[in-house]
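Novice: Here you go, this is work_13.pdb (PDB, C-alpha atoms, pLDDT in the B column).
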MODEL        1
ATOM      1  CA  MET A   1      27.955 -56.272  -1.291  1.00 43.00           C
ATOM      2  CA  GLN A   2      30.387 -56.954   1.544  1.00 39.00           C
ATOM      3  CA  GLU A   3      29.896 -55.460   5.004  1.00 39.00           C
ATOM      4  CA  ALA A   4      32.804 -53.017   4.625  1.00 42.00           C
ATOM      5  CA  GLU A   5      31.398 -51.720   1.368  1.00 36.00           C
ATOM      6  CA  VAL A   6      27.947 -51.295   2.942  1.00 29.00           C
ATOM      7  CA  ASN A   7      29.454 -49.280   5.765  1.00 37.00           C
ATOM      8  CA  ARG A   8      31.336 -47.037   3.348  1.00 38.00           C
ATOM      9  CA  PHE A   9      28.179 -46.452   1.300  1.00 30.00           C
ATOM     10  CA  ALA A  10      26.196 -45.579   4.431  1.00 32.00           C
ATOM     11  CA  ALA A  11      28.894 -43.209   5.622  1.00 36.00           C
ATOM     12  CA  ARG A  12      28.919 -41.416   2.261  1.00 40.00           C
ATOM     13  CA  ALA A  13      25.112 -41.098   2.319  1.00 35.00           C
ATOM     14  CA  VAL A  14      25.150 -39.610   5.821  1.00 33.00           C
ATOM     15  CA  ALA A  15      27.887 -37.178   4.820  1.00 38.00           C
ATOM     16  CA  ALA A  16      25.959 -36.140   1.699  1.00 37.00           C
ATOM     17  CA  ARG A  17      22.788 -35.468   3.700  1.00 36.00           C
ATOM     18  CA  ALA A  18      24.739 -33.453   6.238  1.00 35.00           C
ATOM     19  CA  ALA A  19      26.406 -31.390   3.504  1.00 39.00           C
ATOM     20  CA  THR A  20      23.055 -30.681   1.863  1.00 37.00           C
ATOM     21  CA  GLY A  21      21.531 -29.589   5.155  1.00 38.00           C
ATOM     22  CA  PHE A  22      24.522 -27.364   5.904  1.00 35.00           C
ATOM     23  CA  ALA A  23      24.348 -25.757   2.458  1.00 40.00           C
ATOM     24  CA  PHE A  24      20.637 -25.105   2.861  1.00 37.00           C
ATOM     25  CA  ALA A  25      21.221 -23.508   6.266  1.00 38.00           C
ATOM     26  CA  LEU A  26      23.834 -21.212   4.769  1.00 39.00           C
ATOM     27  CA  LEU A  27      21.554 -20.211   1.887  1.00 41.00           C
ATOM     28  CA  CYS A  28      18.533 -19.578   4.059  1.00 40.00           C
ATOM     29  CA  GLY A  29      20.393 -17.980   6.923  1.00 44.00           C
ATOM     30  CA  CYS A  30      18.705 -20.397   9.362  1.00 45.00           C
ATOM     31  CA  GLY A  31      15.552 -18.309   9.129  1.00 60.00           C
ATOM     32  CA  PRO A  32      12.770 -17.148   6.823  1.00 79.00           C
ATOM     33  CA  THR A  33      13.585 -15.586   3.461  1.00 87.00           C
ATOM     34  CA  ARG A  34      11.449 -12.456   3.089  1.00 91.00           C
ATOM     35  CA  PHE A  35      11.896  -9.591   0.660  1.00 92.00           C
ATOM     36  CA  GLU A  36      10.030  -7.205  -1.627  1.00 94.00           C
ATOM     37  CA  VAL A  37      10.903  -7.165  -5.306  1.00 93.00           C
ATOM     38  CA  GLN A  38      11.613  -3.633  -6.482  1.00 88.00           C
ATOM     39  CA  PRO A  39      10.242  -2.367  -9.814  1.00 81.00           C
ATOM     40  CA  SER A  40      12.874  -2.784 -12.538  1.00 80.00           C
ATOM     41  CA  ILE A  41      10.885  -3.056 -15.780  1.00 82.00           C
ATOM     42  CA  PRO A  42      12.135  -0.434 -18.248  1.00 79.00           C
ATOM     43  CA  THR A  43       9.865   1.517 -20.553  1.00 79.00           C
ATOM     44  CA  PRO A  44       9.692  -0.150 -24.000  1.00 79.00           C
ATOM     45  CA  LEU A  45      10.416   1.952 -27.065  1.00 80.00           C
ATOM     46  CA  VAL A  46       7.463   0.855 -29.181  1.00 82.00           C
ATOM     47  CA  THR A  47       4.932   2.546 -31.460  1.00 84.00           C
ATOM     48  CA  LYS A  48       1.876   3.516 -29.421  1.00 87.00           C
ATOM     49  CA  ILE A  49      -1.424   1.883 -30.256  1.00 86.00           C
ATOM     50  CA  PRO A  50      -3.775   4.836 -30.962  1.00 87.00           C
ATOM     51  CA  VAL A  51      -6.629   3.805 -28.665  1.00 88.00           C
ATOM     52  CA  VAL A  52      -7.760   4.422 -25.094  1.00 93.00           C
ATOM     53  CA  VAL A  53      -7.954   1.387 -22.831  1.00 94.00           C
ATOM     54  CA  GLY A  54      -9.005   0.725 -19.272  1.00 96.00           C
ATOM     55  CA  LEU A  55      -6.629  -1.093 -16.940  1.00 97.00           C
ATOM     56  CA  TYR A  56      -7.899  -3.184 -14.058  1.00 98.00           C
ATOM     57  CA  MET A  57      -5.465  -4.637 -11.549  1.00 98.00           C
ATOM     58  CA  ALA A  58      -7.152  -6.677  -8.837  1.00 97.00           C
ATOM     59  CA  PRO A  59      -6.046  -6.268  -5.205  1.00 97.00           C
ATOM     60  CA  GLU A  60      -4.483  -9.726  -5.238  1.00 97.00           C
ATOM     61  CA  PHE A  61      -2.336  -8.650  -8.199  1.00 97.00           C
ATOM     62  CA  ARG A  62      -1.284  -5.312  -6.676  1.00 96.00           C
ATOM     63  CA  ASP A  63      -0.597  -6.812  -3.246  1.00 97.00           C
ATOM     64  CA  LYS A  64       0.633 -10.270  -4.207  1.00 97.00           C
ATOM     65  CA  VAL A  65       2.945 -11.993  -1.724  1.00 97.00           C
ATOM     66  CA  TYR A  66       4.114 -15.457  -2.736  1.00 97.00           C
ATOM     67  CA  GLU A  67       4.566 -17.740   0.274  1.00 95.00           C
ATOM     68  CA  GLU A  68       6.003 -21.226   0.395  1.00 93.00           C
ATOM     69  CA  LYS A  69       7.526 -23.645   2.873  1.00 89.00           C
ATOM     70  CA  ARG A  70      10.158 -26.012   1.546  1.00 82.00           C
ATOM     71  CA  ASP A  71      12.872 -28.111   3.183  1.00 71.00           C
ATOM     72  CA  GLY A  72      12.338 -26.350   6.486  1.00 64.00           C
ATOM     73  CA  GLY A  73      12.675 -22.852   4.978  1.00 79.00           C
ATOM     74  CA  ASP A  74       9.955 -20.222   4.797  1.00 89.00           C
ATOM     75  CA  TYR A  75       9.744 -17.917   1.786  1.00 93.00           C
ATOM     76  CA  ALA A  76       7.646 -14.751   1.529  1.00 95.00           C
ATOM     77  CA  ILE A  77       8.287 -12.811  -1.688  1.00 96.00           C
ATOM     78  CA  ALA A  78       6.320  -9.590  -2.209  1.00 97.00           C
ATOM     79  CA  LEU A  79       5.674  -9.319  -5.955  1.00 97.00           C
ATOM     80  CA  GLY A  80       2.723  -6.935  -6.058  1.00 96.00           C
ATOM     81  CA  LYS A  81       4.467  -3.557  -6.142  1.00 95.00           C
ATOM     82  CA  ALA A  82       6.980  -4.541  -8.834  1.00 95.00           C
ATOM     83  CA  GLN A  83       4.518  -6.242 -11.166  1.00 95.00           C
ATOM     84  CA  SER A  84       1.738  -3.643 -10.848  1.00 95.00           C
ATOM     85  CA  GLU A  85       4.051  -0.653 -11.354  1.00 94.00           C
ATOM     86  CA  GLY A  86       5.866  -2.407 -14.176  1.00 92.00           C
ATOM     87  CA  PHE A  87       2.676  -3.401 -15.962  1.00 94.00           C
ATOM     88  CA  GLY A  88       1.273   0.107 -15.607  1.00 94.00           C
ATOM     89  CA  ARG A  89       4.458   1.556 -17.140  1.00 91.00           C
ATOM     90  CA  LEU A  90       4.210  -0.882 -20.045  1.00 91.00           C
ATOM     91  CA  MET A  91       0.600   0.001 -20.790  1.00 92.00           C
ATOM     92  CA  ASP A  92       1.326   3.744 -20.637  1.00 93.00           C
ATOM     93  CA  ALA A  93       4.087   3.261 -23.212  1.00 91.00           C
ATOM     94  CA  MET A  94       1.976   1.081 -25.501  1.00 89.00           C
ATOM     95  CA  PHE A  95      -1.313   3.039 -25.693  1.00 91.00           C
ATOM     96  CA  ASP A  96      -2.310   6.647 -26.327  1.00 91.00           C
ATOM     97  CA  ARG A  97      -4.048   6.719 -22.960  1.00 94.00           C
ATOM     98  CA  VAL A  98      -4.553   4.221 -20.149  1.00 96.00           C
ATOM     99  CA  ILE A  99      -7.292   4.805 -17.592  1.00 97.00           C
ATOM    100  CA  PRO A 100      -7.393   2.834 -14.324  1.00 97.00           C
ATOM    101  CA  VAL A 101     -10.834   1.311 -13.730  1.00 97.00           C
ATOM    102  CA  ALA A 102     -12.399  -0.104 -10.578  1.00 97.00           C
ATOM    103  CA  ALA A 103     -13.649  -3.338 -12.150  1.00 97.00           C
ATOM    104  CA  THR A 104     -13.526  -5.256 -15.409  1.00 96.00           C
ATOM    105  CA  ASP A 105     -17.065  -4.053 -16.249  1.00 96.00           C
ATOM    106  CA  ALA A 106     -16.386  -0.410 -15.394  1.00 97.00           C
ATOM    107  CA  GLY A 107     -14.950   0.720 -18.723  1.00 95.00           C
ATOM    108  CA  ALA A 108     -18.120   2.144 -20.257  1.00 95.00           C
ATOM    109  CA  ARG A 109     -19.160   4.086 -17.179  1.00 95.00           C
ATOM    110  CA  THR A 110     -15.629   5.360 -16.488  1.00 97.00           C
ATOM    111  CA  ASP A 111     -14.887   6.956 -19.861  1.00 96.00           C
ATOM    112  CA  PRO A 112     -16.823   6.648 -23.164  1.00 95.00           C
ATOM    113  CA  LEU A 113     -13.547   6.612 -25.119  1.00 95.00           C
ATOM    114  CA  ILE A 114     -12.368   3.347 -23.572  1.00 95.00           C
ATOM    115  CA  ARG A 115     -12.222   0.691 -26.306  1.00 91.00           C
ATOM    116  CA  GLY A 116     -11.566  -2.253 -23.997  1.00 91.00           C
ATOM    117  CA  VAL A 117     -10.413  -3.215 -20.508  1.00 94.00           C
ATOM    118  CA  ILE A 118      -7.222  -5.142 -19.846  1.00 94.00           C
ATOM    119  CA  GLU A 119      -6.571  -7.227 -16.747  1.00 96.00           C
ATOM    120  CA  PRO A 120      -3.222  -8.873 -15.899  1.00 96.00           C
ATOM    121  CA  VAL A 121      -3.256 -11.973 -13.691  1.00 97.00           C
ATOM    122  CA  LEU A 122      -0.292 -13.832 -12.219  1.00 98.00           C
ATOM    123  CA  GLU A 123      -1.118 -17.476 -12.891  1.00 97.00           C
ATOM    124  CA  ASP A 124       2.007 -19.145 -11.568  1.00 97.00           C
ATOM    125  CA  PHE A 125       5.273 -18.340  -9.810  1.00 97.00           C
ATOM    126  CA  ALA A 126       8.053 -20.866  -9.323  1.00 96.00           C
ATOM    127  CA  PHE A 127      11.703 -20.774  -8.348  1.00 94.00           C
ATOM    128  CA  VAL A 128      14.638 -23.140  -7.992  1.00 92.00           C
ATOM    129  CA  THR A 129      17.495 -22.685  -5.528  1.00 89.00           C
ATOM    130  CA  PRO A 130      20.994 -24.215  -5.638  1.00 88.00           C
ATOM    131  CA  VAL A 131      19.810 -26.741  -3.074  1.00 84.00           C
ATOM    132  CA  ASP A 132      17.047 -27.878  -5.436  1.00 84.00           C
ATOM    133  CA  SER A 133      19.161 -28.079  -8.585  1.00 81.00           C
ATOM    134  CA  GLY A 134      22.623 -28.943  -7.301  1.00 84.00           C
ATOM    135  CA  SER A 135      23.998 -25.986  -9.269  1.00 86.00           C
ATOM    136  CA  ASP A 136      25.005 -22.498  -8.129  1.00 88.00           C
ATOM    137  CA  VAL A 137      22.078 -20.754  -9.835  1.00 91.00           C
ATOM    138  CA  TYR A 138      18.729 -19.382  -8.732  1.00 93.00           C
ATOM    139  CA  ALA A 139      16.084 -19.617 -11.473  1.00 95.00           C
ATOM    140  CA  VAL A 140      12.591 -18.104 -11.561  1.00 97.00           C
ATOM    141  CA  SER A 141       9.578 -18.351 -13.842  1.00 97.00           C
ATOM    142  CA  LEU A 142       6.427 -16.206 -13.808  1.00 97.00           C
ATOM    143  CA  LYS A 143       3.385 -17.062 -15.874  1.00 97.00           C
ATOM    144  CA  TYR A 144       0.975 -14.216 -16.591  1.00 97.00           C
ATOM    145  CA  ARG A 145      -2.431 -14.194 -18.227  1.00 95.00           C
ATOM    146  CA  ILE A 146      -3.788 -11.123 -20.012  1.00 92.00           C
ATOM    147  CA  SER A 147      -7.580 -10.974 -20.166  1.00 93.00           C
ATOM    148  CA  GLY A 148      -9.481  -8.578 -22.407  1.00 91.00           C
ATOM    149  CA  TYR A 149     -13.005  -7.262 -21.819  1.00 94.00           C
ATOM    150  CA  ARG A 150     -15.381  -5.066 -23.751  1.00 93.00           C
ATOM    151  CA  PRO A 151     -16.197  -1.740 -22.055  1.00 94.00           C
ATOM    152  CA  ASP A 152     -19.360  -3.305 -20.589  1.00 94.00           C
ATOM    153  CA  GLY A 153     -17.403  -6.180 -19.032  1.00 95.00           C
ATOM    154  CA  GLN A 154     -18.104  -8.892 -21.604  1.00 94.00           C
ATOM    155  CA  VAL A 155     -15.131 -11.253 -21.813  1.00 93.00           C
ATOM    156  CA  ILE A 156     -13.368 -11.193 -25.170  1.00 90.00           C
ATOM    157  CA  ASP A 157     -10.430 -13.565 -24.756  1.00 88.00           C
ATOM    158  CA  SER A 158      -7.188 -14.119 -22.883  1.00 89.00           C
ATOM    159  CA  TRP A 159      -3.707 -15.474 -23.447  1.00 90.00           C
ATOM    160  CA  SER A 160      -0.747 -16.465 -21.293  1.00 92.00           C
ATOM    161  CA  PHE A 161       2.988 -15.867 -21.507  1.00 91.00           C
ATOM    162  CA  THR A 162       5.932 -16.731 -19.269  1.00 95.00           C
ATOM    163  CA  GLY A 163       9.054 -14.856 -18.220  1.00 96.00           C
ATOM    164  CA  TYR A 164      12.276 -16.520 -17.091  1.00 97.00           C
ATOM    165  CA  GLY A 165      15.228 -15.238 -15.095  1.00 96.00           C
ATOM    166  CA  ALA A 166      18.367 -16.738 -13.555  1.00 95.00           C
ATOM    167  CA  ALA A 167      21.232 -15.411 -11.443  1.00 93.00           C
ATOM    168  CA  ALA A 168      24.375 -17.128 -10.210  1.00 90.00           C
ATOM    169  CA  ASN A 169      24.913 -17.325  -6.467  1.00 80.00           C
ATOM    170  CA  GLU A 170      28.398 -15.814  -6.660  1.00 70.00           C
ATOM    171  CA  SER A 171      27.238 -12.875  -8.788  1.00 55.00           C
ATOM    172  CA  MET A 172      26.008 -10.717  -5.902  1.00 53.00           C
ATOM    173  CA  LEU A 173      26.812  -9.835  -2.331  1.00 51.00           C
ATOM    174  CA  GLY A 174      24.207 -10.286   0.363  1.00 51.00           C
ATOM    175  CA  GLY A 175      23.504 -14.000   0.158  1.00 59.00           C
ATOM    176  CA  GLY A 176      20.836 -16.115  -1.417  1.00 75.00           C
ATOM    177  CA  SER A 177      17.903 -13.746  -0.924  1.00 85.00           C
ATOM    178  CA  GLU A 178      19.591 -11.006  -2.977  1.00 90.00           C
ATOM    179  CA  VAL A 179      20.386 -13.413  -5.791  1.00 91.00           C
ATOM    180  CA  LEU A 180      16.835 -14.772  -5.766  1.00 92.00           C
ATOM    181  CA  LYS A 181      15.507 -11.202  -5.862  1.00 93.00           C
ATOM    182  CA  LYS A 182      17.676 -10.505  -8.913  1.00 93.00           C
ATOM    183  CA  ALA A 183      16.374 -13.638 -10.643  1.00 95.00           C
ATOM    184  CA  VAL A 184      12.782 -12.500 -10.014  1.00 96.00           C
ATOM    185  CA  GLN A 185      13.526  -9.066 -11.494  1.00 94.00           C
ATOM    186  CA  LEU A 186      15.070 -10.648 -14.584  1.00 95.00           C
ATOM    187  CA  ALA A 187      12.029 -12.900 -15.012  1.00 96.00           C
ATOM    188  CA  MET A 188       9.728  -9.869 -14.831  1.00 95.00           C
ATOM    189  CA  ARG A 189      11.831  -8.023 -17.402  1.00 93.00           C
ATOM    190  CA  ASP A 190      11.679 -11.041 -19.714  1.00 94.00           C
ATOM    191  CA  ALA A 191       7.896 -11.211 -19.328  1.00 94.00           C
ATOM    192  CA  ALA A 192       7.622  -7.477 -20.043  1.00 91.00           C
ATOM    193  CA  ALA A 193       9.709  -7.778 -23.215  1.00 90.00           C
ATOM    194  CA  LYS A 194       7.495 -10.611 -24.467  1.00 90.00           C
ATOM    195  CA  LEU A 195       4.341  -8.663 -23.725  1.00 89.00           C
ATOM    196  CA  ALA A 196       5.631  -5.530 -25.472  1.00 87.00           C
ATOM    197  CA  THR A 197       6.595  -7.601 -28.512  1.00 85.00           C
ATOM    198  CA  GLU A 198       3.462  -9.722 -28.760  1.00 85.00           C
ATOM    199  CA  PHE A 199       0.673  -7.568 -27.374  1.00 82.00           C
ATOM    200  CA  ARG A 200      -0.534  -5.798 -30.513  1.00 78.00           C
ATOM    201  CA  GLU A 201      -0.748  -8.937 -32.619  1.00 79.00           C
ATOM    202  CA  GLN A 202      -2.347 -11.025 -29.869  1.00 78.00           C
ATOM    203  CA  ALA A 203      -4.872  -8.315 -29.001  1.00 75.00           C
ATOM    204  CA  VAL A 204      -5.942  -7.895 -32.649  1.00 73.00           C
ATOM    205  CA  VAL A 205      -6.140 -11.639 -33.301  1.00 69.00           C
ATOM    206  CA  ARG A 206      -8.254 -12.197 -30.193  1.00 70.00           C
ATOM    207  CA  GLY A 207     -10.574  -9.285 -30.882  1.00 71.00           C
ATOM    208  CA  LEU A 208      -9.504  -7.137 -27.958  1.00 67.00           C
ATOM    209  CA  LEU A 209      -8.428  -4.394 -30.361  1.00 66.00           C
ATOM    210  CA  PRO A 210      -9.367  -3.597 -33.934  1.00 65.00           C
ATOM    211  CA  ALA A 211      -6.621  -3.781 -36.540  1.00 64.00           C
ATOM    212  CA  VAL A 212      -4.764  -0.492 -36.299  1.00 51.00           C
ATOM    213  CA  PRO A 213      -2.002   0.927 -38.493  1.00 47.00           C
ATOM    214  CA  GLY A 214       1.577   0.942 -37.330  1.00 45.00           C
ATOM    215  CA  PRO A 215       4.483  -1.507 -37.372  1.00 42.00           C
ATOM    216  CA  VAL A 216       4.636  -4.375 -34.945  1.00 38.00           C
ATOM    217  CA  PRO A 217       7.955  -4.271 -33.027  1.00 39.00           C
ATOM    218  CA  GLU A 218      10.269  -7.187 -33.652  1.00 40.00           C
ATOM    219  CA  ALA A 219      12.044  -9.008 -30.834  1.00 37.00           C
ATOM    220  CA  PRO A 220      14.210  -8.102 -29.091  1.00 39.00           C
ATOM    221  CA  VAL A 221      12.412  -4.949 -28.054  1.00 41.00           C
ATOM    222  CA  GLU A 222      14.673  -1.933 -27.514  1.00 42.00           C
ATOM    223  CA  VAL A 223      14.161  -0.550 -24.041  1.00 42.00           C
ATOM    224  CA  ALA A 224      14.961   2.700 -22.370  1.00 44.00           C
ATOM    225  CA  PRO A 225      16.912   2.731 -19.090  1.00 45.00           C
ATOM    226  CA  PRO A 226      14.641   2.268 -16.053  1.00 46.00           C
ATOM    227  CA  PRO A 227      13.792   5.420 -14.120  1.00 46.00           C
ATOM    228  CA  PRO A 228      16.047   6.199 -11.126  1.00 46.00           C
TER     229      PRO A 228
ENDMDL
END
For this file, write the structure as structure tokens.

Specialist:
Amino acid sequence: MQEAEVNRFAARAVAARAATGFAFALLCGCGPTRFEVQPSIPTPLVTKIPVVVGLYMAPEFRDKVYEEKRDGGDYAIALGKAQSEGFGRLMDAMFDRVIPVAATDAGARTDPLIRGVIEPVLEDFAFVTPVDSGSDVYAVSLKYRISGYRPDGQVIDSWSFTGYGAAANESMLGGGSEVLKKAVQLAMRDAAAKLATEFREQAVVRGLLPAVPGPVPEAPVEVAPPPP
């Protein structure tokens, strides 16, 4: 490679790095990205499972804040309120009665009608920004695990499922944080739809619930508008 060509290549590389850094500064606002995701999971229109269950949501689930440093930017995304309220709404729609319990082994001593205790856990949260992908889209994935316990706390089984969401940068006003927030909400809605569709079958197969009459909803699940 001749000297002139080397110089041109180096100049293009410097320009590309500068453009990437400038784009990142614009997206991050030269400061930390911090926001709380608002509940947006609608109530599913599904046939209720005629049993009473206990619901345990650990403090780290209710108060979850995802934090990450990348490329000089700080992210703090409060997920706890949205996922705990959304999961509670789902369970209320899916069962005759849902009783909050203080621990996974508290079902029997909380209410003798409880047939099992359900615990949601956020196993993984990941997101991609336009800087990461070279596109104009923010994408998010959330992986949840549902664990089932007998009323006395004995572990029955668990299974995982993942929700995905994406939003284009030009689709909303307010900059990158608003678009990322929208992508998180869409990922939570996708996870909720999968749970509403799959829960009955998975719970019966894994022994969390006995086989109960009633049709299993087929995807996509019809949903009611979210509350105001």

Novice: So that I can see what lies close to Leu180 in chain A, please list as a list in words the residues with an atom at most 6 Å from it, counting all atoms listed in the file and leaving out residues fewer than 3 positions away in the same chain.

Specialist: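 After dropping sequence-adjacent residues, the list is Tyr138, Ser177 and Ala183 of chain A.
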
Novice: For the structure shown, which residues end up in the PyMOL selection byres ((chain A and resi 187) around 12)? Put them as a VMD selection string, please?

Specialist: chain A and resid 37 39 to 41 79 82 to 83 125 to 127 138 to 144 161 to 167 180 to 186 188 to 194

Novice: Which polymer residues have any atom within 6 Å of an atom of range 89-105 of chain A, counting all atoms listed in the file, with same-chain residues fewer than 2 positions away left out, as a list in words?

Specialist: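 The residues satisfying every condition are Lys48, Ile49, Pro50, Val51, Val52, Val53, Gly54, Leu55, Tyr56, Gly86, Phe87, Gly107, Asp152 and Gly153 of chain A.
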
Novice: Pull C-alpha atoms from the residues just selected and write them as a PDB file, keeping the file's coordinate frame.

Specialist:
ATOM      1  CA  LYS A  48       1.876   3.516 -29.421  1.00 87.00           C
ATOM      2  CA  ILE A  49      -1.424   1.883 -30.256  1.00 86.00           C
ATOM      3  CA  PRO A  50      -3.775   4.836 -30.962  1.00 87.00           C
ATOM      4  CA  VAL A  51      -6.629   3.805 -28.665  1.00 88.00           C
ATOM      5  CA  VAL A  52      -7.760   4.422 -25.094  1.00 93.00           C
ATOM      6  CA  VAL A  53      -7.954   1.387 -22.831  1.00 94.00           C
ATOM      7  CA  GLY A  54      -9.005   0.725 -19.272  1.00 96.00           C
ATOM      8  CA  LEU A  55      -6.629  -1.093 -16.940  1.00 97.00           C
ATOM      9  CA  TYR A  56      -7.899  -3.184 -14.058  1.00 98.00           C
ATOM     10  CA  GLY A  86       5.866  -2.407 -14.176  1.00 92.00           C
ATOM     11  CA  PHE A  87       2.676  -3.401 -15.962  1.00 94.00           C
ATOM     12  CA  GLY A 107     -14.950   0.720 -18.723  1.00 95.00           C
ATOM     13  CA  ASP A 152     -19.360  -3.305 -20.589  1.00 94.00           C
ATOM     14  CA  GLY A 153     -17.403  -6.180 -19.032  1.00 95.00           C
TER      15      GLY A 153
END

Novice: What lies within 12 Å of Arg70 in chain A using all atoms listed in the file, ignoring chain neighbours under 6 positions off, as a PyMOL selection string?

Specialist: chain A and resi 24+28+32-33+76+127-129+131-132

Novice: Select, from A:Lys81, A:Arg115, A:Arg109, A:Arg34, the residue with the minimum atom-to-atom distance to Pro59 in chain A, counting all atoms listed in the file.

Specialist: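 Ranked by minimum distance to Pro59 in chain A, first place goes to A:Lys81.
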
Novice: Please determine, counting only C-alpha atoms, which residue among A:Pro130, A:Arg200, A:Ile156, A:Arg150 has the shortest atom-to-atom distance to Pro112 in chain A.

Specialist: A:Arg150

Novice: Just how far from CA of Gly88 in chain A is CA of Asp124 in chain A, in Å to one decimal?

Specialist: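 According to the coordinates, CA of Asp124 in chain A and CA of Gly88 in chain A are separated by 19.7 Å.
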
Novice: Tell me which residues the PyMOL selection byres ((chain A and resi 145) around 7) grabs here, as a ChimeraX atom specification.

Specialist: /A:120-123,143-144,146-147,158-161

Novice: Please determine, counting all atoms listed in the file, which residue among A:Ala58, A:Val179, A:Ala203, A:Ile118 has the shortest atom-to-atom distance to Pro151 in chain A.

Specialist: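 Residue with the minimum atom-to-atom distance to Pro151 in chain A: A:Ile118.
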
Novice: Quick one: which residues end up in the PyMOL selection byres ((chain A and resi 168) around 6) for this structure, as a list in words?

Specialist: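 Applying the PyMOL selection byres ((chain A and resi 168) around 6) to the structure shown produces Asp136, Val137, Ala167, Asn169, Glu170 and Ser171 of chain A.
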
Novice: For the selection you just gave me, I'd like the residues written to a file as a tab-separated table (two decimals), in the coordinates of the input, keeping C-alpha atoms.

Specialist:
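Here's the written file result_9.tsv:
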chain	number	residue	atom	x	y	z
A	136	ASP	CA	25.00	-22.50	-8.13
A	137	VAL	CA	22.08	-20.75	-9.84
A	167	ALA	CA	21.23	-15.41	-11.44
A	169	ASN	CA	24.91	-17.32	-6.47
A	170	GLU	CA	28.40	-15.81	-6.66
A	171	SER	CA	27.24	-12.88	-8.79

Novice: Just the number, please: distance in Å from CA of Gln38 in chain A to CA of Ser84 in chain A, one decimal.

Specialist: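 Taking CA of Gln38 in chain A as the start and CA of Ser84 in chain A as the end point, the length is 10.8 Å.
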